[in-house]
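Here's run_38.cif, which has mmCIF, C-alpha atoms:
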data_my_file
#
loop_
_atom_site.label_atom_id
_atom_site.label_comp_id
_atom_site.auth_asym_id
_atom_site.auth_seq_id
_atom_site.Cartn_x
_atom_site.Cartn_y
_atom_site.Cartn_z
CA MET T 1470 11.44 -26.70 9.64
CA THR T 1471 13.77 -27.52 6.74
CA ASP T 1472 15.01 -24.50 4.80
CA VAL T 1473 13.91 -24.53 1.20
CA SER T 1474 16.15 -23.05 -1.49
CA LYS T 1475 15.17 -21.12 -4.58
CA GLU T 1476 16.68 -23.90 -6.68
CA GLN T 1477 14.36 -26.47 -5.10
CA VAL T 1478 11.35 -24.33 -5.97
CA LEU T 1479 12.53 -23.82 -9.54
CA GLU T 1480 13.17 -27.55 -9.96
CA ARG T 1481 9.64 -28.34 -8.84
CA LEU T 1482 8.25 -25.65 -11.15
CA ARG T 1483 9.89 -27.41 -14.08
CA THR T 1484 7.10 -29.96 -13.78
CA VAL T 1485 4.55 -27.30 -14.77
CA ARG T 1486 3.97 -27.18 -18.52
CA GLY T 1487 4.04 -23.84 -20.29
CA PRO T 1488 1.27 -22.21 -22.30
CA ASP T 1489 -0.14 -24.60 -24.92
CA MET T 1490 1.83 -27.40 -23.22
CA ASP T 1491 5.10 -26.24 -24.80
CA GLY T 1492 8.04 -27.00 -22.52
CA ASN T 1493 7.97 -25.91 -18.86
CA ILE T 1494 7.52 -22.49 -17.32
CA VAL T 1495 11.05 -22.28 -15.89
CA ASP T 1496 13.02 -23.17 -19.03
CA MET T 1497 10.75 -20.91 -21.07
CA GLY T 1498 11.86 -18.00 -18.87
CA LEU T 1499 8.40 -17.22 -17.57
CA VAL T 1500 9.16 -17.40 -13.82
CA SER T 1501 10.37 -14.30 -12.00
CA ASP T 1502 12.96 -14.34 -9.27
CA VAL T 1503 11.76 -16.51 -6.38
CA PHE T 1504 11.65 -14.99 -2.90
CA ILE T 1505 11.28 -17.27 0.15
CA SER T 1506 10.58 -16.07 3.68
CA ASP T 1507 9.25 -17.91 6.73
CA GLY T 1508 8.16 -20.91 4.72
CA LYS T 1509 6.32 -18.81 2.12
CA ALA T 1510 7.35 -18.64 -1.54
CA TYR T 1511 6.64 -15.54 -3.65
CA PHE T 1512 7.03 -15.38 -7.43
CA SER T 1513 5.21 -14.43 -10.60
CA ILE T 1514 4.67 -16.07 -14.00
CA THR T 1515 4.81 -13.89 -17.09
CA VAL T 1516 2.16 -14.50 -19.76
CA PRO T 1517 0.63 -12.53 -22.64
CA ALA T 1518 -1.83 -10.06 -21.14
CA GLU T 1519 -4.82 -11.13 -23.21
CA ARG T 1520 -4.40 -14.77 -22.13
CA ALA T 1521 -4.24 -14.19 -18.36
CA ARG T 1522 -7.70 -15.56 -17.59
CA GLU T 1523 -7.18 -18.58 -19.86
CA LEU T 1524 -3.83 -19.41 -18.25
CA ASP T 1525 -4.89 -19.09 -14.62
CA PRO T 1526 -4.94 -22.93 -14.28
CA MET T 1527 -1.21 -22.82 -15.02
CA ARG T 1528 -0.75 -20.39 -12.12
CA ALA T 1529 -2.81 -22.66 -9.87
CA ALA T 1530 -0.70 -25.67 -10.88
CA ALA T 1531 2.50 -23.79 -10.05
CA GLU T 1532 1.10 -22.82 -6.66
CA ARG T 1533 0.04 -26.39 -5.97
CA VAL T 1534 3.38 -28.05 -6.80
CA VAL T 1535 5.33 -25.49 -4.72
CA LYS T 1536 3.07 -25.96 -1.70
CA GLU T 1537 3.79 -29.69 -1.91
CA ILE T 1538 7.48 -29.05 -1.15
CA PRO T 1539 8.29 -30.06 2.45
CA GLY T 1540 8.98 -26.88 4.39
CA ILE T 1541 6.78 -24.63 2.24
CA LYS T 1542 3.65 -23.48 4.09
CA ALA T 1543 2.20 -21.19 1.45
CA ALA T 1544 2.86 -19.81 -2.01
CA MET T 1545 1.98 -16.36 -3.35
CA VAL T 1546 1.85 -16.68 -7.14
CA ALA T 1547 0.70 -14.02 -9.59
CA LEU T 1548 0.28 -13.87 -13.34
CA THR T 1549 1.93 -10.79 -14.78
CA ALA T 1550 2.44 -9.41 -18.26
CA ASP T 1551 5.56 -7.57 -19.36
CA LYS T 1552 8.16 -7.54 -22.10
CA ARG T 1553 9.43 -11.00 -21.23
CA ALA T 1554 6.14 -12.36 -22.52
CA ALA T 1555 7.21 -11.25 -25.98
CA SER T 1556 9.67 -14.14 -26.31
CA GLY T 1557 9.12 -17.84 -26.67
CA PRO T 1558 6.38 -19.93 -28.31
CA ALA T 1559 3.58 -18.52 -26.17
CA ALA T 1560 4.15 -15.00 -27.42
CA ALA T 1561 4.08 -16.08 -31.05
CA ARG T 1562 0.32 -16.53 -30.70
CA ALA T 1563 -0.07 -13.22 -28.88
CA PRO T 1564 1.22 -10.34 -31.03
CA ASN T 1565 1.58 -6.77 -29.74
CA PRO T 1566 1.40 -7.33 -25.97
CA GLN T 1567 0.84 -4.13 -24.00
CA PRO T 1568 3.90 -2.73 -22.20
CA PRO T 1569 3.98 -3.15 -18.42
CA GLY T 1570 2.42 -0.51 -16.22
CA ARG T 1571 0.24 0.86 -19.02
CA GLY T 1572 -2.74 -1.42 -19.04
CA ALA T 1573 -1.19 -4.83 -19.64
CA ALA T 1574 -1.06 -6.33 -16.17
CA HIS T 1575 -3.70 -8.80 -14.99
CA ASP T 1576 -3.93 -10.17 -11.51
CA HIS T 1577 -4.68 -13.85 -11.00
CA ALA T 1578 -8.38 -13.16 -10.89
CA GLY T 1579 -8.18 -12.16 -14.55
CA HIS T 1580 -9.06 -8.48 -14.27
CA ALA T 1581 -7.80 -6.30 -17.10
CA HIS T 1582 -6.87 -2.64 -17.18
CA ALA T 1583 -7.82 -0.15 -19.81
CA ALA T 1584 -5.79 0.70 -22.89
CA PRO T 1585 -3.28 3.55 -22.54
CA GLY T 1586 -4.96 6.93 -22.14
CA GLN T 1587 -8.34 5.44 -21.29
CA PRO T 1588 -10.14 5.20 -17.92
CA PRO T 1589 -9.74 1.88 -16.05
CA GLN T 1590 -12.04 -0.81 -17.38
CA ARG T 1591 -12.23 -2.98 -14.29
CA ALA T 1592 -14.69 -2.46 -11.49
CA LYS T 1593 -13.18 -1.66 -8.12
CA CYS T 1594 -14.28 -4.45 -5.82
CA GLY T 1595 -15.04 -3.44 -2.25
CA ILE T 1596 -13.69 -5.23 0.80
CA PRO T 1597 -16.41 -7.15 2.66
CA GLY T 1598 -17.10 -5.57 6.05
CA VAL T 1599 -14.99 -2.45 5.40
CA GLY T 1600 -17.03 0.74 5.27
CA ALA T 1601 -14.46 3.13 3.76
CA ILE T 1602 -10.84 2.98 2.63
CA ILE T 1603 -8.71 6.11 3.07
CA ALA T 1604 -5.25 6.51 1.56
CA VAL T 1605 -2.62 8.55 3.38
CA ALA T 1606 -0.08 9.64 0.79
CA SER T 1607 2.83 11.96 0.15
CA GLY T 1608 4.69 12.98 -2.96
CA LYS T 1609 8.06 12.20 -1.35
CA GLY T 1610 9.56 10.33 1.56
CA GLY T 1611 10.69 11.87 4.82
CA VAL T 1612 7.64 14.03 5.52
CA GLY T 1613 6.27 11.85 8.34
CA LYS T 1614 3.54 10.10 6.35
CA SER T 1615 3.67 6.82 8.30
CA THR T 1616 3.69 8.59 11.66
CA THR T 1617 0.71 10.61 10.48
CA SER T 1618 -1.03 7.47 9.23
CA VAL T 1619 -0.72 5.58 12.50
CA ASN T 1620 -1.74 8.52 14.68
CA LEU T 1621 -4.65 9.33 12.36
CA ALA T 1622 -5.82 5.71 12.60
CA LEU T 1623 -5.52 5.74 16.39
CA ALA T 1624 -7.31 9.09 16.55
CA LEU T 1625 -10.18 7.72 14.45
CA LYS T 1626 -10.31 4.81 16.91
CA ALA T 1627 -10.29 7.26 19.85
CA ASN T 1628 -13.21 9.05 18.18
CA GLY T 1629 -15.25 5.85 18.39
CA LEU T 1630 -14.66 4.15 15.03
CA ARG T 1631 -13.57 0.60 14.18
CA VAL T 1632 -10.24 0.99 12.40
CA GLY T 1633 -7.64 -1.05 10.53
CA ILE T 1634 -4.32 -0.12 8.90
CA LEU T 1635 -2.81 -1.56 5.73
CA ASP T 1636 0.90 -0.78 5.45
CA ALA T 1637 1.26 -0.57 1.67
CA ASP T 1638 4.91 0.51 1.73
CA ILE T 1639 6.46 -2.76 0.53
CA TYR T 1640 10.05 -1.49 0.51
CA GLY T 1641 9.92 0.31 3.86
CA PRO T 1642 7.13 -1.06 6.06
CA SER T 1643 6.88 0.93 9.30
CA MET T 1644 3.80 -0.37 11.11
CA PRO T 1645 5.45 -3.26 13.01
CA ARG T 1646 7.79 -0.78 14.71
CA LEU T 1647 5.32 2.10 15.04
CA LEU T 1648 2.71 -0.14 16.65
CA LYS T 1649 5.15 -2.36 18.56
CA ILE T 1650 3.91 -5.57 16.95
CA SER T 1651 6.10 -8.62 16.36
CA GLY T 1652 5.46 -12.15 15.15
CA ARG T 1653 3.83 -13.58 12.05
CA PRO T 1654 0.18 -13.44 10.98
CA GLN T 1655 -1.71 -16.73 11.10
CA GLN T 1656 -3.36 -18.32 8.08
CA ILE T 1657 -6.86 -19.25 9.21
CA GLU T 1658 -8.53 -20.83 6.18
CA GLY T 1659 -7.52 -21.23 2.59
CA ARG T 1660 -5.44 -18.20 1.66
CA ILE T 1661 -7.06 -15.93 4.27
CA ILE T 1662 -4.72 -14.32 6.81
CA LYS T 1663 -5.65 -13.08 10.26
CA PRO T 1664 -4.34 -9.52 10.72
CA MET T 1665 -2.15 -8.54 13.64
CA GLU T 1666 -3.60 -6.21 16.26
CA ASN T 1667 -2.53 -3.68 18.88
CA TYR T 1668 -4.10 -0.64 20.55
CA GLY T 1669 -7.47 -1.85 19.30
CA ILE T 1670 -6.71 -1.58 15.57
CA LYS T 1671 -6.11 -4.37 13.05
CA VAL T 1672 -2.91 -4.20 11.04
CA MET T 1673 -1.40 -5.88 7.99
CA SER T 1674 2.11 -5.17 6.72
CA MET T 1675 4.80 -6.83 4.63
CA GLY T 1676 6.97 -6.17 7.67
CA PHE T 1677 5.20 -9.07 9.42
CA LEU T 1678 6.11 -11.47 6.60
CA VAL T 1679 9.80 -10.70 6.12
CA ASP T 1680 12.62 -9.87 8.50
CA GLU T 1681 13.34 -6.20 9.09
CA GLU T 1682 16.82 -6.48 7.54
CA VAL T 1683 15.63 -8.20 4.35
CA ALA T 1684 15.95 -6.02 1.24
CA MET T 1685 12.90 -6.26 -1.02
CA ILE T 1686 13.93 -6.40 -4.67
CA TRP T 1687 10.58 -7.15 -6.28
CA ARG T 1688 9.53 -5.83 -9.66
CA GLY T 1689 6.32 -3.84 -10.08
CA PRO T 1690 4.01 -6.78 -10.87
CA MET T 1691 5.10 -8.63 -7.73
CA ILE T 1692 4.40 -5.55 -5.62
CA GLN T 1693 0.96 -5.21 -7.17
CA SER T 1694 0.13 -8.83 -6.41
CA ALA T 1695 1.36 -8.62 -2.81
CA LEU T 1696 -0.62 -5.43 -2.16
CA MET T 1697 -3.83 -6.91 -3.54
CA GLN T 1698 -3.42 -10.05 -1.44
CA MET T 1699 -2.71 -8.09 1.74
CA LEU T 1700 -5.84 -6.09 1.05
CA ARG T 1701 -8.30 -8.72 -0.16
CA GLU T 1702 -7.10 -11.94 1.50
CA VAL T 1703 -7.03 -10.65 5.07
CA ALA T 1704 -9.83 -11.23 7.58
CA TRP T 1705 -10.42 -7.54 8.34
CA GLY T 1706 -13.82 -8.19 9.89
CA GLU T 1707 -16.19 -5.26 10.41
CA LEU T 1708 -14.38 -1.91 10.08
CA ASP T 1709 -15.71 1.61 9.74
CA VAL T 1710 -12.50 2.68 8.04
CA LEU T 1711 -9.31 1.11 6.72
CA VAL T 1712 -6.36 3.51 6.62
CA VAL T 1713 -3.82 2.70 3.89
CA ASP T 1714 -0.31 3.97 4.53
CA MET T 1715 0.75 4.47 0.91
CA PRO T 1716 4.35 4.23 -0.32
CA PRO T 1717 5.95 7.64 -0.86
CA GLY T 1718 5.92 9.01 -4.39
CA THR T 1719 3.66 8.37 -7.37
CA GLY T 1720 5.02 5.17 -8.92
CA ASP T 1721 3.57 1.85 -9.97
CA ALA T 1722 2.52 0.68 -6.50
CA GLN T 1723 0.71 3.92 -5.77
CA LEU T 1724 -1.07 3.91 -9.12
CA THR T 1725 -2.12 0.28 -8.60
CA MET T 1726 -3.72 1.13 -5.26
CA ALA T 1727 -5.43 4.22 -6.67
CA GLN T 1728 -6.77 2.41 -9.75
CA GLN T 1729 -7.74 -0.96 -8.32
CA VAL T 1730 -8.86 -0.15 -4.76
CA PRO T 1731 -12.22 1.58 -4.08
CA LEU T 1732 -10.64 4.47 -2.20
CA ALA T 1733 -13.21 6.72 -0.54
CA GLY T 1734 -10.67 9.51 -0.36
CA ALA T 1735 -7.05 10.49 0.15
CA VAL T 1736 -5.19 12.53 2.76
CA ILE T 1737 -2.01 14.24 1.54
CA VAL T 1738 0.84 14.79 4.00
CA SER T 1739 3.45 17.47 3.34
CA THR T 1740 5.93 19.61 5.20
CA PRO T 1741 5.73 23.40 4.70
CA GLN T 1742 8.71 24.02 2.43
CA ASP T 1743 8.38 24.53 -1.32
CA LEU T 1744 10.32 21.38 -2.30
CA ALA T 1745 7.96 19.14 -0.35
CA LEU T 1746 4.90 20.96 -1.72
CA ILE T 1747 6.10 20.47 -5.29
CA ASP T 1748 6.12 16.72 -4.68
CA ALA T 1749 2.80 16.87 -2.83
CA ARG T 1750 1.25 18.32 -5.99
CA LYS T 1751 2.30 15.18 -7.85
CA GLY T 1752 0.30 13.09 -5.38
CA LEU T 1753 -2.68 15.40 -5.75
CA ASN T 1754 -2.41 15.14 -9.51
CA MET T 1755 -2.32 11.34 -9.40
CA PHE T 1756 -5.50 11.12 -7.31
CA SER T 1757 -7.13 13.67 -9.58
CA LYS T 1758 -6.43 11.55 -12.66
CA VAL T 1759 -7.96 8.42 -11.11
CA GLU T 1760 -10.93 10.37 -9.69
CA VAL T 1761 -10.21 9.76 -6.00
CA PRO T 1762 -11.45 12.73 -3.92
CA VAL T 1763 -8.81 14.46 -1.84
CA LEU T 1764 -10.11 14.82 1.71
CA GLY T 1765 -7.48 17.38 2.57
CA ILE T 1766 -3.85 18.24 3.28
CA VAL T 1767 -1.97 17.88 6.58
CA GLU T 1768 1.03 20.11 7.24
CA ASN T 1769 3.44 17.94 9.24
CA MET T 1770 6.48 19.29 11.12
CA SER T 1771 4.72 22.63 10.83
CA TYR T 1772 6.70 24.39 13.57
CA PHE T 1773 8.90 23.66 16.58
CA ILE T 1774 8.37 24.85 20.16
CA ALA T 1775 11.63 24.76 22.13
CA PRO T 1776 10.92 22.79 25.33
CA ASP T 1777 13.36 24.88 27.41
CA THR T 1778 12.32 28.39 26.34
CA GLY T 1779 8.90 27.97 24.76
CA ASN T 1780 10.10 29.90 21.72
CA ARG T 1781 8.59 28.92 18.38
CA TYR T 1782 10.78 28.18 15.34
CA ASP T 1783 9.49 27.65 11.80
CA ILE T 1784 12.29 25.28 10.82
CA PHE T 1785 10.81 24.27 7.46
CA GLY T 1786 8.88 27.49 6.93
CA HIS T 1787 5.23 27.64 7.90
CA GLY T 1788 1.81 27.71 6.28
CA GLY T 1789 2.85 26.39 2.89
CA ALA T 1790 0.44 23.44 2.98
CA ARG T 1791 -2.46 25.66 4.07
CA LYS T 1792 -1.78 28.07 1.19
CA GLU T 1793 -1.54 25.15 -1.23
CA ALA T 1794 -4.85 23.74 -0.02
CA GLU T 1795 -6.51 27.13 -0.46
CA ARG T 1796 -4.95 27.57 -3.89
CA ILE T 1797 -6.26 24.31 -5.31
CA GLY T 1798 -9.53 24.24 -3.39
CA VAL T 1799 -9.16 21.27 -1.03
CA PRO T 1800 -9.64 21.27 2.76
CA PHE T 1801 -6.75 22.07 5.05
CA LEU T 1802 -6.89 19.47 7.81
CA GLY T 1803 -4.45 20.88 10.32
CA GLU T 1804 -0.89 21.55 11.46
CA VAL T 1805 1.14 18.94 13.33
CA PRO T 1806 4.15 20.43 15.18
CA LEU T 1807 7.63 18.96 15.18
CA THR T 1808 7.99 17.68 18.75
CA MET T 1809 10.27 15.36 20.66
CA ASP T 1810 7.18 13.67 22.07
CA ILE T 1811 5.92 12.53 18.67
CA ARG T 1812 9.36 11.33 17.57
CA GLU T 1813 10.16 9.46 20.80
CA THR T 1814 6.79 7.73 21.09
CA SER T 1815 6.87 6.72 17.42
CA ASP T 1816 10.32 5.16 17.81
CA ALA T 1817 9.16 3.36 20.95
CA GLY T 1818 6.06 1.91 19.28
CA THR T 1819 3.76 3.83 21.61
CA PRO T 1820 2.26 6.52 19.36
CA VAL T 1821 1.41 9.78 21.05
CA VAL T 1822 -2.36 9.35 20.61
CA VAL T 1823 -2.31 6.32 22.94
CA SER T 1824 0.68 7.14 25.15
CA ASN T 1825 -0.32 10.72 25.92
CA PRO T 1826 -3.98 11.02 24.88
CA GLU T 1827 -4.55 14.30 26.72
CA GLY T 1828 -1.43 15.97 25.34
CA ALA T 1829 -1.47 18.73 22.75
CA ALA T 1830 -0.19 16.51 19.92
CA ALA T 1831 -2.84 13.84 20.52
CA LYS T 1832 -5.56 16.49 20.54
CA THR T 1833 -4.22 17.79 17.22
CA TYR T 1834 -4.45 14.33 15.65
CA ARG T 1835 -7.96 13.79 17.01
CA ALA T 1836 -9.04 17.11 15.53
CA ILE T 1837 -7.57 16.10 12.17
CA ALA T 1838 -9.35 12.74 12.40
CA THR T 1839 -12.64 14.52 13.06
CA ARG T 1840 -12.15 16.74 9.98
CA VAL T 1841 -11.19 13.73 7.84
CA TRP T 1842 -14.33 11.87 8.86
CA GLN T 1843 -16.50 14.94 8.26
CA GLU T 1844 -15.03 15.34 4.77
CA LEU T 1845 -15.54 11.64 4.10
CA GLU T 1846 -19.20 11.84 5.11
CA THR T 1847 -19.61 14.87 2.87
CA VAL T 1848 -18.06 13.08 -0.10
CA GLN T 1849 -20.10 9.94 0.44
CA GLY T 1850 -23.28 11.90 1.03
CA LYS T 1851 -23.05 14.17 -1.99
CA GLY T 1852 -21.03 12.02 -4.35
CA ALA T 1853 -17.34 12.45 -5.04
CA ARG T 1854 -16.27 16.07 -5.00
CA GLY T 1855 -14.84 17.26 -8.28
CA ALA T 1856 -11.13 16.59 -8.42
CA PRO T 1857 -8.98 19.67 -7.72
CA ALA T 1858 -7.45 21.52 -10.63
CA ILE T 1859 -3.69 21.14 -10.35
CA VAL T 1860 -1.93 24.32 -11.43
CA PHE T 1861 1.82 24.29 -12.07
CA GLU T 1862 3.45 27.69 -11.97
#
Turn this file's structure into structure tokens for me.
Amino acid sequence: MTDVSKEQVLERLRTVRGPDMDGNIVDMGLVSDVFISDGKAYFSITVPAERARELDPMRAAAERVVKEIPGIKAAMVALTADKRAASGPAAARAPNPQPPGRGAAHDHAGHAHAAPGQPPQRAKCGIPGVGAIIAVASGKGGVGKSTTSVNLALALKANGLRVGILDADIYGPSMPRLLKISGRPQQIEGRIIKPMENYGIKVMSMGFLVDEEVAMIWRGPMIQSALMQMLREVAWGELDVLVVDMPPGTGDAQLTMAQQVPLAGAVIVSTPQDLALIDARKGLNMFSKVEVPVLGIVENMSYFIAPDTGNRYDIFGHGGARKEAERIGVPFLGEVPLTMDIRETSDAGTPVVVSNPEGAAAKTYRAIATRVWQELETVQGKGARGAPAIVFE
């Protein structure tokens, strides 16, 4: 296949007229940086927020002309709204555009967000065939969230459920390595992608679309568009639960998922020490604000049992997550020890739940999965539990 350059894509995009047929979208400065990987082109077009639905044909035209380039198999194009829309002829007819990340962005389906300080205006569309979507989140990186996500998903599968995983960490996708999956997903019809699969669970990750060494340098709107496409344009089939491995922190990508995805609940992962718990509270606060029920907190790396002596060491302290859960009134889901077994099997792509299903760690994850599902059934049966009150001392 012939390699296609960014310049070739931009040259073809110069044939697409701008809003109101003034000039072309490239020379008007409306096209974001173009990213090309494995024959797929990714970029966004900046427009005034209130004209997103009206200008969707322009997005479609840009997608069409790029897909006509020999060597391009697909194009992922989104309409976004940010400060760049405030320049040029198109903006002259659209005064006072909303700032990015505070209600201005539209996806290419033309859905709008609420004004600043107001609840989201758009309806959260469900995913056909998917019974419940659970987010696994953490306030900071390095607490073992992805390892927890994959073992929780496999434990739900071991408990008899049909499970999928969406790896929503655009900058640091882990699922290809954790689940020992390589290759590229296949496009089966239109824009629909067939998810990858291993150990009986379906998986979608940006790590399948770009090489492991590629540095992702996308802006927020591009991340939002990619996440929504990986969620809604994938043939998930019939699933009881879709586990979303959220990016660490509480930034734009996390807020997009919480606001736009019909999350049935969230699981917070933290280590025991105070610094990690401070960041975990930020995640709890975010889900509280968008009215996503918190199903509970997992204390990861809770303690260490020395394999040679059997002595226990509380390396990061112990019990902090349990106390935090009790303090704010959410379930405590369980303690996962820091073990060589979990680390080695994760690095090898053979998570402990499938490689050593009768071991102590696997039993811990299955118990956590059981509690998560019980909490989910409670929430769905009685309506969303009131969001926890976040107290900062």
Select, from T:Leu1623, T:Ile1774, T:Val1473, T:Ile1766, the residue with the minimum atom-to-atom distance to T:Arg1791, counting all atoms listed in the file.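 Among T:Leu1623, T:Ile1774, T:Val1473, T:Ile1766, it is T:Ile1766 that comes nearest to T:Arg1791.
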Under the PyMOL selection byres ((chain T and resi 1829) around 12), which residues of this model are included? Write them out as a ChimeraX atom specification. /T:1774,1804-1808,1810-1811,1821-1822,1825-1828,1830-1836
Atomic distance atom CA of T:Ile1784 - atom CA of T:Leu1746, expressed in Å with one decimal: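 Rounded to one decimal, the two atoms are 15.2 Å apart.
Checking T:Pro1539, T:Asn1493, T:Arg1660, T:Ile1602 one by one against T:Val1730, counting all atoms listed in the file, you find the shortest gap at T:Ile1602.
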Starting from the PyMOL selection byres ((chain T and resi 1478) around 10), expand the selection into actual residues of this file and give them as a PDB file with C-alpha atoms, in the frame of the given file.
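out38.pdb, written as the output of this step:
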ATOM      1  CA  VAL T1473      13.910 -24.530   1.200  1.00  0.00           C
ATOM      2  CA  SER T1474      16.150 -23.050  -1.490  1.00  0.00           C
ATOM      3  CA  LYS T1475      15.170 -21.120  -4.580  1.00  0.00           C
ATOM      4  CA  GLU T1476      16.680 -23.900  -6.680  1.00  0.00           C
ATOM      5  CA  GLN T1477      14.360 -26.470  -5.100  1.00  0.00           C
ATOM      6  CA  LEU T1479      12.530 -23.820  -9.540  1.00  0.00           C
ATOM      7  CA  GLU T1480      13.170 -27.550  -9.960  1.00  0.00           C
ATOM      8  CA  ARG T1481       9.640 -28.340  -8.840  1.00  0.00           C
ATOM      9  CA  LEU T1482       8.250 -25.650 -11.150  1.00  0.00           C
ATOM     10  CA  ARG T1483       9.890 -27.410 -14.080  1.00  0.00           C
ATOM     11  CA  VAL T1503      11.760 -16.510  -6.380  1.00  0.00           C
ATOM     12  CA  PHE T1504      11.650 -14.990  -2.900  1.00  0.00           C
ATOM     13  CA  ILE T1505      11.280 -17.270   0.150  1.00  0.00           C
ATOM     14  CA  ALA T1510       7.350 -18.640  -1.540  1.00  0.00           C
ATOM     15  CA  ALA T1531       2.500 -23.790 -10.050  1.00  0.00           C
ATOM     16  CA  VAL T1534       3.380 -28.050  -6.800  1.00  0.00           C
ATOM     17  CA  VAL T1535       5.330 -25.490  -4.720  1.00  0.00           C
ATOM     18  CA  LYS T1536       3.070 -25.960  -1.700  1.00  0.00           C
ATOM     19  CA  ILE T1538       7.480 -29.050  -1.150  1.00  0.00           C
ATOM     20  CA  ILE T1541       6.780 -24.630   2.240  1.00  0.00           C
TER      21      ILE T1541
END
Do you know which residues the PyMOL selection byres ((chain T and resi 1630-1644) around 8) returns on this file, as a ChimeraX atom specification? /T:1615,1619,1622-1623,1625-1629,1645-1650,1669-1676,1684-1685,1692,1696,1699-1700,1705,1707-1717
Residue with the minimum atom-to-atom distance to T:Lys1542, picked from T:Tyr1511, T:Tyr1772, T:Phe1801, T:Phe1756 with all atoms listed in the file counted, is T:Tyr1511
Atom CA of T:Glu1523 to atom CA of T:Met1545, distance in Å rounded to a single decimal: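 According to the coordinates, atom CA of T:Glu1523 and atom CA of T:Met1545 are separated by 19.0 Å.
Nearest residue to T:Pro1654 among T:Ala1704, T:Gln1723, T:Thr1484, T:Tyr1782 is T:Ala1704, counting all atoms listed in the file.
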Among listed residues T:Gly1487, T:Gly1818, T:Gly1765, T:Gly1706, nearest T:Val1605 (using all atoms listed in the file):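 Going through T:Gly1487, T:Gly1818, T:Gly1765, T:Gly1706 one by one, the smallest distance to T:Val1605 is for T:Gly1765.
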Would you work out the distance separating atom CA of T:Lys1758 from atom CA of T:Ala1601, expressed in Å to one decimal?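 Taking atom CA of T:Lys1758 as the start and atom CA of T:Ala1601 as the end point, the length is 20.1 Å.
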Find the residues near stretch 1528-1530 of chain T: any atom within 8 Å, counting all atoms listed in the file, skip ones fewer than 4 places away on the same chain, and give them as JSON, numbers by chain. {"T": [1485, 1514, 1524, 1534, 1546, 1547, 1548, 1577]}
T:Ala1606: which residues within 12 Å, counting all atoms listed in the file, same-chain residues fewer than 3 positions away excluded, as a PyMOL selection string? chain T and resi 1603+1609-1618+1636-1638+1712-1720+1722-1724+1726-1727+1734-1739+1748-1756+1763-1767
